[in-house]
$ cat model_3.cif   # mmCIF, C-alpha atoms
data_model
#
loop_
_atom_site.label_atom_id
_atom_site.label_comp_id
_atom_site.auth_asym_id
_atom_site.auth_seq_id
_atom_site.Cartn_x
_atom_site.Cartn_y
_atom_site.Cartn_z
CA MET A 99 -40.50 33.21 -11.63
CA ASN A 100 -38.63 35.99 -10.00
CA ARG A 101 -39.06 34.26 -6.69
CA LEU A 102 -37.52 31.12 -8.14
CA LYS A 103 -34.53 33.03 -9.51
CA CYS A 104 -34.03 34.66 -6.15
CA LEU A 105 -34.12 31.31 -4.37
CA ILE A 106 -31.56 29.74 -6.77
CA THR A 107 -29.28 32.73 -6.46
CA PHE A 108 -29.54 32.54 -2.67
CA PHE A 109 -28.46 28.89 -2.52
CA LEU A 110 -25.75 29.45 -5.11
CA LEU A 111 -24.30 32.26 -3.03
CA ILE A 112 -24.35 30.11 0.08
CA PHE A 113 -22.61 27.21 -1.79
CA MET A 114 -19.91 29.48 -3.24
CA HIS A 115 -19.41 31.06 0.12
CA GLY A 116 -18.76 27.62 1.56
CA ILE A 117 -16.18 26.82 -1.12
CA THR A 118 -14.44 30.10 -0.90
CA PHE A 119 -14.39 30.77 2.79
CA GLY A 120 -15.44 27.63 4.66
CA VAL A 121 -13.59 24.39 5.62
CA ILE A 122 -15.73 21.36 6.05
CA THR A 123 -14.05 18.94 8.48
CA ARG A 124 -14.94 15.34 8.76
CA SER A 125 -13.36 12.73 11.02
CA TYR A 126 -13.13 9.04 10.32
CA ALA A 127 -11.91 6.42 12.82
CA TYR A 128 -9.78 3.61 11.47
CA THR A 129 -8.70 0.56 13.49
CA ILE A 130 -5.51 -1.01 12.18
CA ARG A 131 -5.21 -4.61 13.26
CA ILE A 132 -2.14 -6.75 12.69
CA LYS A 133 -2.94 -10.39 13.05
CA ASN A 134 -1.15 -12.61 15.49
CA ILE A 135 0.70 -14.88 13.08
CA LYS A 136 2.34 -18.21 13.95
CA LEU A 137 3.27 -20.21 10.89
CA ILE A 138 5.96 -22.86 10.57
CA ARG A 139 6.68 -25.65 8.14
CA VAL A 140 9.46 -28.10 7.37
CA VAL A 141 10.77 -28.17 3.83
CA GLY A 142 12.59 -31.37 2.95
CA PRO A 143 12.02 -35.09 2.54
CA SER A 144 8.76 -36.36 3.96
CA THR A 145 10.76 -39.12 5.68
CA ILE A 146 14.32 -38.97 6.97
CA ASN A 147 16.13 -42.33 6.92
CA LEU A 148 19.05 -42.76 9.30
CA VAL A 149 21.02 -46.02 9.09
CA ILE A 150 23.97 -47.13 11.21
CA ASN A 151 26.67 -49.13 9.49
CA THR A 152 30.22 -50.26 10.07
CA SER A 153 32.38 -52.44 7.87
CA ILE A 154 35.77 -52.67 9.57
CA ALA A 155 36.35 -55.39 12.14
CA GLY A 156 37.41 -53.89 15.42
CA SER A 157 36.16 -50.41 14.63
CA SER A 158 34.04 -48.57 17.13
CA ILE A 159 30.41 -47.98 16.35
CA MET A 160 30.63 -44.83 18.44
CA SER A 161 31.69 -42.24 15.93
CA ALA A 162 32.52 -43.49 12.45
CA THR A 163 29.02 -44.68 11.83
CA PHE A 164 26.96 -41.78 13.10
CA ALA A 165 24.15 -41.24 10.61
CA ARG A 166 23.31 -37.64 9.78
CA ASP A 167 20.83 -35.83 7.59
CA SER A 168 20.87 -32.09 6.90
CA SER A 169 18.50 -31.91 3.98
CA SER A 170 15.60 -30.17 5.72
CA TYR A 171 14.86 -26.56 6.58
CA LEU A 172 12.46 -25.09 9.08
CA GLN A 173 10.64 -22.01 7.80
CA MET A 174 8.66 -19.61 9.93
CA THR A 175 6.61 -16.43 9.91
CA SER A 176 5.88 -14.90 13.29
CA ILE A 177 4.19 -11.70 14.41
CA VAL A 178 4.08 -11.43 18.17
CA PRO A 179 2.17 -9.12 20.53
CA GLU A 180 4.21 -6.53 22.36
CA ASN A 181 6.68 -7.91 24.91
CA VAL A 182 6.08 -11.49 23.86
CA GLN A 183 8.70 -13.94 22.75
CA ARG A 184 8.14 -17.29 21.21
CA ARG A 185 10.05 -20.53 20.93
CA ILE A 186 10.01 -23.64 18.81
CA ILE A 187 9.57 -26.85 20.75
CA VAL A 188 10.47 -30.17 19.21
CA THR A 189 8.95 -33.46 20.33
CA ALA A 190 9.39 -37.04 19.14
CA LYS A 191 6.09 -38.86 18.97
CA ASP A 192 4.36 -41.99 17.76
CA GLY A 193 7.30 -44.37 18.05
CA ALA A 194 10.51 -45.13 19.87
CA ILE A 195 14.20 -44.50 19.58
CA PRO A 196 16.15 -47.79 19.32
CA THR A 197 17.59 -49.11 22.55
CA GLY A 198 21.07 -47.82 23.29
CA MET A 199 20.87 -45.21 20.56
CA LYS A 200 20.23 -41.50 20.63
CA LEU A 201 18.56 -39.20 18.15
CA GLU A 202 19.67 -35.59 18.22
CA LEU A 203 18.46 -32.54 16.37
CA SER A 204 20.15 -29.22 15.80
CA ALA A 205 19.04 -26.09 13.98
CA GLY A 206 21.54 -23.93 12.18
CA GLU A 207 21.44 -20.15 12.14
CA CYS A 208 18.95 -18.63 9.72
CA PHE A 209 20.78 -16.42 7.24
CA THR A 210 17.75 -15.32 5.28
CA GLY A 211 14.61 -13.42 6.19
CA LEU A 212 14.33 -10.53 8.59
CA GLY A 213 13.40 -9.68 12.14
CA ASP A 214 13.92 -11.19 15.51
CA LEU A 215 14.78 -14.73 14.46
CA GLY A 216 15.67 -15.94 17.94
CA ASN A 217 18.51 -18.07 19.23
CA VAL A 218 19.19 -21.61 18.13
CA LYS A 219 20.49 -24.07 20.69
CA ILE A 220 24.26 -24.34 20.43
CA SER A 221 24.39 -28.02 21.34
CA PRO A 222 22.33 -30.64 19.52
CA VAL A 223 19.07 -31.35 21.30
CA PRO A 224 18.69 -35.00 22.39
CA LEU A 225 15.17 -36.03 21.48
CA GLU A 226 13.00 -38.03 23.82
CA VAL A 227 9.64 -39.53 23.05
CA ASN A 228 6.74 -37.36 24.23
CA ILE A 229 9.05 -34.83 25.89
CA GLY A 230 9.17 -31.38 24.34
CA LYS A 231 12.57 -29.71 24.08
CA ASP A 232 13.42 -26.13 23.14
CA LEU A 233 15.08 -25.91 19.74
CA ILE A 234 14.90 -22.14 19.10
CA THR A 235 14.07 -19.51 21.71
CA GLY A 236 13.66 -15.74 21.86
CA ILE A 237 11.64 -15.48 18.65
CA GLY A 238 9.92 -12.18 17.97
CA SER A 239 8.29 -10.80 14.87
CA CYS A 240 10.18 -12.17 11.91
CA TYR A 241 10.15 -14.28 8.83
CA THR A 242 12.78 -16.74 7.65
CA GLY A 243 12.42 -16.29 3.93
CA THR A 244 12.51 -19.26 1.64
CA SER A 245 15.60 -20.83 3.21
CA GLY A 246 15.19 -21.01 6.97
CA TYR A 247 16.90 -22.83 9.80
CA ARG A 248 18.85 -25.83 8.53
CA LEU A 249 17.88 -28.95 10.48
CA THR A 250 20.41 -31.68 11.19
CA TYR A 251 19.31 -35.06 12.51
CA SER A 252 22.03 -37.23 14.09
CA PHE A 253 21.53 -40.86 14.98
CA GLY A 254 24.15 -42.89 16.81
CA PRO A 255 25.08 -44.89 19.88
CA ASP A 256 24.46 -43.40 23.29
CA PRO A 257 27.82 -43.75 25.11
CA ASN A 258 26.02 -44.61 28.33
CA TYR A 259 24.02 -47.47 26.87
CA VAL A 260 26.08 -48.92 24.02
CA GLY A 261 25.96 -52.37 25.56
CA THR A 262 22.22 -52.50 25.02
CA ILE A 263 22.25 -51.80 21.29
CA MET A 264 20.48 -54.36 19.17
CA PHE A 265 20.94 -54.69 15.45
CA ASN A 266 18.38 -54.96 12.70
CA THR A 267 15.91 -52.91 14.65
CA GLN A 268 14.09 -50.31 12.65
CA ASN A 269 12.21 -47.64 14.54
CA TYR A 270 10.02 -44.77 13.50
CA VAL A 271 9.25 -41.50 15.19
CA SER A 272 7.39 -38.43 14.08
CA ILE A 273 9.21 -35.21 14.89
CA VAL A 274 6.71 -32.49 15.78
CA TYR A 275 7.71 -28.82 15.72
CA THR A 276 5.52 -26.35 17.60
CA LEU A 277 5.84 -22.56 17.55
CA THR A 278 4.50 -21.32 20.86
CA GLU A 279 4.85 -18.65 23.53
CA MET B 294 -31.25 -18.23 -9.33
CA THR B 295 -33.30 -20.71 -7.37
CA LYS B 296 -32.97 -21.35 -3.67
CA LYS B 297 -31.55 -24.78 -4.45
CA SER B 298 -28.81 -23.27 -6.60
CA VAL B 299 -27.87 -20.84 -3.87
CA LEU B 300 -27.57 -23.62 -1.31
CA SER B 301 -25.43 -25.68 -3.70
CA CYS B 302 -23.08 -22.77 -4.25
CA LEU B 303 -22.76 -22.18 -0.52
CA ALA B 304 -21.98 -25.85 0.08
CA LEU B 305 -19.30 -25.81 -2.63
CA LEU B 306 -17.77 -22.64 -1.21
CA THR B 307 -17.70 -24.13 2.27
CA PHE B 308 -15.94 -27.24 0.96
CA ILE B 309 -13.33 -25.20 -0.92
CA MET B 310 -12.60 -23.00 2.09
CA GLY B 311 -12.34 -26.04 4.31
CA SER B 312 -9.90 -27.68 1.93
CA ILE B 313 -7.72 -24.59 1.78
CA SER B 314 -7.74 -24.38 5.55
CA ALA B 315 -6.75 -28.04 5.89
CA PHE B 316 -3.62 -27.58 3.77
CA ALA B 317 -2.60 -24.20 5.15
CA ASP B 318 0.43 -23.83 7.41
CA ASN B 319 -0.09 -23.25 11.11
CA ASN B 320 2.04 -23.26 14.24
CA ILE B 321 2.64 -27.03 14.21
CA THR B 322 4.41 -29.12 11.62
CA GLN B 323 6.04 -32.53 11.60
CA GLN B 324 8.49 -34.79 9.82
CA ALA B 325 8.91 -38.56 9.91
CA VAL B 326 12.23 -40.14 10.88
CA THR B 327 13.13 -43.81 10.56
CA MET B 328 16.18 -45.19 12.35
CA GLN B 329 17.88 -48.50 11.68
CA VAL B 330 20.86 -50.23 13.21
CA ASN B 331 22.22 -52.56 10.60
CA GLY B 332 23.60 -55.95 11.53
CA VAL B 333 27.23 -55.96 12.51
CA ALA B 334 29.30 -59.06 13.13
CA LEU B 335 32.79 -58.57 11.79
CA LEU B 336 35.95 -60.61 12.30
CA LYS B 337 39.47 -60.26 10.97
CA VAL B 338 42.78 -61.92 11.74
CA THR B 339 45.58 -59.39 11.72
CA PRO B 340 49.35 -59.89 11.90
CA GLY B 341 49.97 -58.09 15.16
CA THR B 342 53.71 -58.36 15.67
CA ASN B 343 54.04 -61.61 13.72
CA PRO B 344 56.84 -61.19 11.16
CA ASN B 345 55.11 -63.45 8.64
CA GLY B 346 51.86 -61.55 8.53
CA THR B 347 48.90 -63.67 9.48
CA ALA B 348 50.71 -66.90 8.60
CA VAL B 349 51.99 -68.70 11.70
CA SER B 350 54.87 -71.17 11.57
CA LEU B 351 55.37 -73.67 14.40
CA SER B 352 58.34 -75.98 14.34
CA LEU B 353 59.52 -78.62 16.80
CA SER B 354 63.20 -78.14 16.27
CA GLY B 355 65.91 -76.27 18.01
CA ALA B 356 68.81 -78.65 17.61
CA SER B 357 71.71 -77.06 15.85
CA ASN B 358 74.40 -79.26 17.30
CA ALA B 359 74.47 -82.99 17.33
CA GLY B 360 73.15 -84.15 20.61
CA ASP B 361 71.00 -81.10 21.28
CA ALA B 362 67.44 -81.72 22.48
CA ILE B 363 64.53 -81.22 20.16
CA ALA B 364 62.18 -78.55 21.45
CA PRO B 365 59.10 -80.30 22.88
CA SER B 366 56.79 -77.45 22.05
CA ALA B 367 56.43 -74.33 19.95
CA SER B 368 53.94 -71.53 20.35
CA ASN B 369 52.88 -68.26 18.81
CA ASN B 370 50.74 -65.55 20.33
CA GLN B 371 51.58 -62.68 18.05
CA THR B 372 48.53 -62.53 15.79
CA ARG B 373 45.24 -60.92 16.76
CA LEU B 374 41.57 -61.52 16.09
CA LYS B 375 39.67 -58.28 15.72
CA ILE B 376 35.94 -58.05 16.20
CA THR B 377 33.06 -55.60 16.00
CA SER B 378 29.74 -56.96 17.20
CA LEU B 379 26.30 -55.57 17.81
CA ALA B 380 24.07 -57.92 19.72
CA THR B 381 20.78 -58.92 18.19
CA GLY B 382 17.30 -58.52 19.49
CA THR B 383 16.22 -62.12 19.16
CA THR B 384 19.57 -63.91 19.68
CA PRO B 385 21.32 -61.79 22.24
CA SER B 386 24.80 -63.32 22.05
CA ARG B 387 27.21 -64.67 19.50
CA THR B 388 29.80 -67.42 19.26
CA ILE B 389 33.09 -67.60 17.37
CA ASN B 390 33.66 -71.06 15.91
CA VAL B 391 36.79 -72.39 14.26
CA ASN B 392 37.12 -74.86 11.42
CA MET B 393 40.28 -76.39 10.04
CA THR B 394 41.37 -77.61 6.66
CA GLY B 395 44.58 -79.53 6.05
CA GLY B 396 46.79 -81.00 8.75
CA THR B 397 47.72 -84.63 9.44
CA PHE B 398 47.75 -85.35 13.13
CA LYS B 399 46.97 -89.04 13.21
CA ASP B 400 49.97 -90.98 14.59
CA SER B 401 52.05 -87.81 14.48
CA HIS B 402 52.74 -87.84 18.23
CA THR B 403 51.88 -84.13 18.26
CA THR B 404 49.06 -81.95 19.46
CA LEU B 405 48.02 -78.54 18.21
CA THR B 406 45.87 -76.33 20.40
CA LEU B 407 44.34 -72.95 19.76
CA ALA B 408 43.27 -70.51 22.44
CA LEU B 409 41.82 -67.03 22.43
CA LYS B 410 43.33 -64.95 25.20
CA GLU B 411 42.20 -61.74 26.82
CA PRO B 412 42.75 -58.67 24.64
CA ASN B 413 44.32 -55.38 25.65
CA THR B 414 42.39 -52.62 27.36
CA ASN B 415 41.39 -50.98 24.08
CA PHE B 416 38.73 -53.65 23.76
CA TRP B 417 35.44 -51.90 24.47
CA ASN B 418 33.05 -53.70 26.80
CA PHE B 419 35.22 -56.82 27.13
CA SER B 420 34.13 -57.69 30.63
CA GLY B 421 30.47 -57.30 29.78
CA ALA B 422 30.31 -58.56 26.24
CA GLY B 423 33.70 -59.81 25.07
CA GLY B 424 32.64 -63.38 25.66
CA THR B 425 33.92 -66.50 27.36
CA LEU B 426 37.21 -67.53 25.82
CA ASN B 427 38.12 -71.17 25.23
CA THR B 428 41.01 -73.40 24.31
CA VAL B 429 40.41 -75.91 21.54
CA THR B 430 42.47 -78.94 20.56
CA LEU B 431 42.61 -78.82 16.80
CA GLY B 432 44.26 -82.20 16.38
CA ASN B 433 46.40 -84.80 18.10
CA SER B 434 48.03 -88.08 17.48
CA ALA B 435 45.29 -90.17 19.02
CA GLY B 436 42.24 -88.54 17.52
CA GLY B 437 43.65 -87.13 14.32
CA ASN B 438 42.02 -83.98 13.08
CA LEU B 439 39.53 -83.11 15.81
CA VAL B 440 38.38 -79.93 14.08
CA THR B 441 37.57 -80.14 10.40
CA THR B 442 35.61 -78.27 7.79
CA THR B 443 32.43 -79.87 9.07
CA THR B 444 33.33 -80.28 12.73
CA SER B 445 33.71 -76.85 14.24
CA ALA B 446 34.59 -75.89 17.79
CA PRO B 447 33.59 -72.80 19.78
CA ILE B 448 36.60 -70.69 20.62
CA ALA B 449 34.57 -67.89 22.24
CA SER B 450 30.96 -67.64 23.30
CA ASN B 451 28.48 -65.24 24.87
CA ILE B 452 29.71 -62.28 22.82
CA LYS B 453 27.43 -59.27 22.79
CA THR B 454 27.90 -55.65 21.76
CA CYS B 455 31.61 -54.91 21.73
CA TRP B 456 34.56 -54.00 19.57
CA SER B 457 38.23 -54.65 19.89
CA GLY B 458 39.85 -51.58 18.36
CA VAL B 459 41.83 -51.49 15.14
CA GLY B 460 45.39 -50.93 16.39
CA GLU B 461 48.21 -53.40 15.75
CA ASP B 462 47.97 -54.96 19.20
CA ASP B 463 44.19 -54.69 19.50
CA GLY B 464 41.96 -57.74 19.43
CA TYR B 465 41.80 -61.16 21.03
CA VAL B 466 45.24 -62.70 21.40
CA ILE B 467 45.43 -65.83 19.23
CA GLU B 468 47.66 -68.43 20.75
CA TYR B 469 48.73 -71.61 18.95
CA VAL B 470 50.65 -74.24 20.88
CA PHE B 471 52.23 -77.18 19.06
CA THR B 472 53.61 -79.91 21.33
CA ALA B 473 55.16 -83.32 21.12
CA ASP B 474 52.95 -85.79 22.94
CA ASN B 475 54.37 -86.72 26.32
CA GLY B 476 57.61 -85.13 25.37
CA GLU B 477 58.15 -87.71 22.63
CA THR B 478 59.97 -86.84 19.49
CA PRO B 479 57.49 -86.82 16.64
CA ILE B 480 57.71 -89.80 14.35
CA ASN B 481 58.13 -89.17 10.69
CA PRO B 482 59.35 -85.62 10.54
CA ALA B 483 57.00 -83.81 8.16
CA SER B 484 55.62 -80.44 7.32
CA SER B 485 51.90 -80.12 7.50
CA GLY B 486 50.07 -76.97 6.45
CA LEU B 487 46.63 -76.15 7.65
CA THR B 488 44.19 -73.25 7.58
CA ILE B 489 42.03 -72.08 10.47
CA THR B 490 38.75 -70.33 9.67
CA TYR B 491 37.03 -68.18 12.27
CA THR B 492 33.28 -67.66 11.97
CA VAL B 493 31.07 -65.58 14.20
CA THR B 494 27.49 -66.79 14.43
CA ASN B 495 24.37 -65.97 16.38
CA THR B 496 23.85 -68.23 19.34
CA LEU B 497 20.70 -70.27 18.86
#

$ encode --input "model_3.cif" --output "structure tokens"
Amino acid sequence: MNRLKCLITFFLLIFMHGITFGVITRSYAYTIRIKNIKLIRVVGPSTINLVINTSIAGSSIMSATFARDSSSYLQMTSIVPENVQRRIIVTAKDGAIPTGMKLELSAGECFTGLGDLGNVKISPVPLEVNIGKDLITGIGSCYTGTSGYRLTYSFGPDPNYVGTIMFNTQNYVSIVYTLTE
Amino acid sequence: MTKKSVLSCLALLTFIMGSISAFADNNITQQAVTMQVNGVALLKVTPGTNPNGTAVSLSLSGASNAGDAIAPSASNNQTRLKITSLATGTTPSRTINVNMTGGTFKDSHTTLTLALKEPNTNFWNFSGAGGTLNTVTLGNSAGGNLVTTTTSAPIASNIKTCWSGVGEDDGYVIEYVFTADNGETPINPASSGLTITYTVTNTL
């Protein structure tokens, strides 16, 4: 019994010695990983309808009848690797732009969100079928918030090809936005 | 839990995750755009510099002193015909036809002609699409009323995509010429009112 008491006392002394005088150090390795995020979406009508009209005899169809729609917003969340910038490319697909007409797209400045929101093109971007065009460049890590870049579609006569315009032609295109490096 | 139950749960979980993934945002999005060019074929007669508005008065007169000659003709080219036209896909050109109501030309020893003349330079695409301009005899002593409500005549053809402008002097020049046949003095002096209607139609 005495031997048992001695043994318990011995371990107790060692334990208390460790608490009182010793520092037990342990190291843990953590890897923090921030995902590469590329998310965009368009908020607005599922279909934009642009119709050209004029009702005054003699009036030009060049300016008074330009059809515009600014009801959509482009929202984005982007986290880029170091020293990488992204851009948003816009492409018209799956259809055609009516003969003699032009379809242009512009993105307004984003006044919400935070971060490196990039640079919108100052001039409207003329869309061409199956040809990607830069809409916003210089995008870093950022988010637009719930508002985003305001999109404006403009549809009207192309001054260089007005003589080829046909009426009563309805055309459809799908506008594809791609966030890429 | 049986093996079958476990497999069922896994299948359900896979389906749910797949569905969520399908509707999640990614780096590509799209929006549909439809574009339509509505039909445009618009005409309007405007006064131009005519003091009586769009109403034109032509009178074979001129004698204020006994023995003076009667004017053998009278004309007016002050009014304008304005147009905006978009060509069509299936009928690529248009024609402007005129109809006439009123007028009594039979045995009048007079002739009334109507011509569209070249517009000013504000007319967009005139040389390419403004059309071929004609002169039409509306009525004469021999044939009576040659243009009626049912018998129209083309005053311009082969019109495509163009517009004339909306200024006072813009548009086709409308020219009416009223003459005494062979310089004869019209028999039975009379006043005869008539109305000209311009209609733009697709060329068939």

$ residues_around --input "model_3.cif" --residues "B:Ser484" --least-positions-apart "6" --cutoff "12 Å" --atoms "all atoms listed in the file" --output "list in words"
Ser350, Leu351, Ser352, Leu353, Ser354, Gly395, Gly396, Thr397, Phe398 and Ser401 of chain B

$ atom_distance --input "model_3.cif" --atom1 "atom CA of B:Glu468" --atom2 "atom CA of B:Asn433"
16.6 Å

$ resolve_selection --input "model_3.cif" --expression "the PyMOL selection byres ((chain B and resi 335-345) around 10)" --output "tab-separated table (two decimals) with C-alpha atoms, in the frame of the given file"
chain	number	residue	atom	x	y	z
A	152	THR	CA	30.22	-50.26	10.07
A	153	SER	CA	32.38	-52.44	7.87
A	154	ILE	CA	35.77	-52.67	9.57
A	155	ALA	CA	36.35	-55.39	12.14
A	156	GLY	CA	37.41	-53.89	15.42
A	157	SER	CA	36.16	-50.41	14.63
B	332	GLY	CA	23.60	-55.95	11.53
B	333	VAL	CA	27.23	-55.96	12.51
B	334	ALA	CA	29.30	-59.06	13.13
B	346	GLY	CA	51.86	-61.55	8.53
B	347	THR	CA	48.90	-63.67	9.48
B	348	ALA	CA	50.71	-66.90	8.60
B	349	VAL	CA	51.99	-68.70	11.70
B	350	SER	CA	54.87	-71.17	11.57
B	369	ASN	CA	52.88	-68.26	18.81
B	370	ASN	CA	50.74	-65.55	20.33
B	371	GLN	CA	51.58	-62.68	18.05
B	372	THR	CA	48.53	-62.53	15.79
B	373	ARG	CA	45.24	-60.92	16.76
B	374	LEU	CA	41.57	-61.52	16.09
B	375	LYS	CA	39.67	-58.28	15.72
B	376	ILE	CA	35.94	-58.05	16.20
B	377	THR	CA	33.06	-55.60	16.00
B	378	SER	CA	29.74	-56.96	17.20
B	379	LEU	CA	26.30	-55.57	17.81
B	389	ILE	CA	33.09	-67.60	17.37
B	456	TRP	CA	34.56	-54.00	19.57
B	457	SER	CA	38.23	-54.65	19.89
B	459	VAL	CA	41.83	-51.49	15.14
B	460	GLY	CA	45.39	-50.93	16.39
B	461	GLU	CA	48.21	-53.40	15.75
B	462	ASP	CA	47.97	-54.96	19.20
B	463	ASP	CA	44.19	-54.69	19.50
B	464	GLY	CA	41.96	-57.74	19.43
B	465	TYR	CA	41.80	-61.16	21.03
B	466	VAL	CA	45.24	-62.70	21.40
B	467	ILE	CA	45.43	-65.83	19.23
B	490	THR	CA	38.75	-70.33	9.67
B	491	TYR	CA	37.03	-68.18	12.27
B	492	THR	CA	33.28	-67.66	11.97
B	493	VAL	CA	31.07	-65.58	14.20

$ residues_around --input "model_3.cif" --residues "B:Gly436" --least-positions-apart "3" --cutoff "12 Å" --atoms "all atoms listed in the file" --output "CSV table (one decimal) with C-alpha atoms, keeping the file's coordinate frame"
chain,number,residue,atom,x,y,z
B,397,THR,CA,47.7,-84.6,9.4
B,398,PHE,CA,47.8,-85.4,13.1
B,399,LYS,CA,47.0,-89.0,13.2
B,400,ASP,CA,50.0,-91.0,14.6
B,401,SER,CA,52.0,-87.8,14.5
B,402,HIS,CA,52.7,-87.8,18.2
B,403,THR,CA,51.9,-84.1,18.3
B,404,THR,CA,49.1,-82.0,19.5
B,405,LEU,CA,48.0,-78.5,18.2
B,430,THR,CA,42.5,-78.9,20.6
B,431,LEU,CA,42.6,-78.8,16.8
B,432,GLY,CA,44.3,-82.2,16.4
B,433,ASN,CA,46.4,-84.8,18.1
B,439,LEU,CA,39.5,-83.1,15.8
B,440,VAL,CA,38.4,-79.9,14.1
B,441,THR,CA,37.6,-80.1,10.4

$ interface_residues --input "model_3.cif" --of "chain A" --to "chain B" --cutoff "6 Å" --atoms "only C-alpha atoms" --output "PyMOL selection string"
chain A and resi 136-139+145-151+155-158+261+264-277

$ residues_around --input "model_3.cif" --residues "A:Thr189" --least-positions-apart "3" --cutoff "8 Å" --atoms "all atoms listed in the file" --output "PDB file with C-alpha atoms, in the coordinates of the input"
ATOM      1  CA  LEU A 225      15.170 -36.030  21.480  1.00  0.00           C
ATOM      2  CA  GLU A 226      13.000 -38.030  23.820  1.00  0.00           C
ATOM      3  CA  VAL A 227       9.640 -39.530  23.050  1.00  0.00           C
ATOM      4  CA  ASN A 228       6.740 -37.360  24.230  1.00  0.00           C
ATOM      5  CA  ILE A 229       9.050 -34.830  25.890  1.00  0.00           C
ATOM      6  CA  GLY A 230       9.170 -31.380  24.340  1.00  0.00           C
ATOM      7  CA  LYS A 231      12.570 -29.710  24.080  1.00  0.00           C
ATOM      8  CA  ILE A 273       9.210 -35.210  14.890  1.00  0.00           C
ATOM      9  CA  VAL A 274       6.710 -32.490  15.780  1.00  0.00           C
ATOM     10  CA  TYR A 275       7.710 -28.820  15.720  1.00  0.00           C
TER      11      TYR A 275
END

$ axis_aligned_box --input "model_3.cif" --around "stretch 123-135 of chain A" --padding-each-side "8 Å" --output "lines of an AutoDock Vina configuration file"
center_x = -7.1
center_y = 2.0
center_z = 12.0
size_x = 31.6
size_y = 49.8
size_z = 23.0

$ residues_around --input "model_3.cif" --residues "A:Gly213" --least-positions-apart "2" --cutoff "10 Å" --atoms "only C-alpha atoms" --output "list in words"
Thr175, Ser176, Ile177, Thr210, Gly211, Leu215, Gly216, Ile237, Gly238, Ser239, Cys240, Tyr241 and Thr242 of chain A

$ resolve_selection --input "model_3.cif" --expression "the PyMOL selection byres ((chain A and resi 182) around 9)" --output "number ranges by chain"
A: 178-181, 183-184, 236-238, 279

$ closest_residue --input "model_3.cif" --among "B:Thr472, B:Thr443, B:Thr425, B:Thr394" --to "B:Ser485" --atoms "only C-alpha atoms"
B:Thr394

$ resolve_selection --input "model_3.cif" --expression "the PyMOL selection byres ((chain A and resi 141) around 10)" --output "ChimeraX atom specification"
/A:138-140,142-144,169-173,244-246,248-249 /B:324

$ atom_distance --input "model_3.cif" --atom1 "atom CA of A:Tyr251" --atom2 "atom CA of A:Thr235"
18.8 Å

$ residues_around --input "model_3.cif" --residues "A:Asp232" --least-positions-apart "6" --cutoff "9 Å" --atoms "all atoms listed in the file" --output "PyMOL selection string"
chain A and resi 185-188+218-219+223

$ atom_distance --input "model_3.cif" --atom1 "atom CA of B:Thr428" --atom2 "atom CA of B:Asn392"
13.5 Å

$ closest_residue --input "model_3.cif" --among "B:Ser420, B:Thr488, B:Asn427, B:Asn475" --to "B:Thr442" --atoms "only C-alpha atoms"
B:Thr488
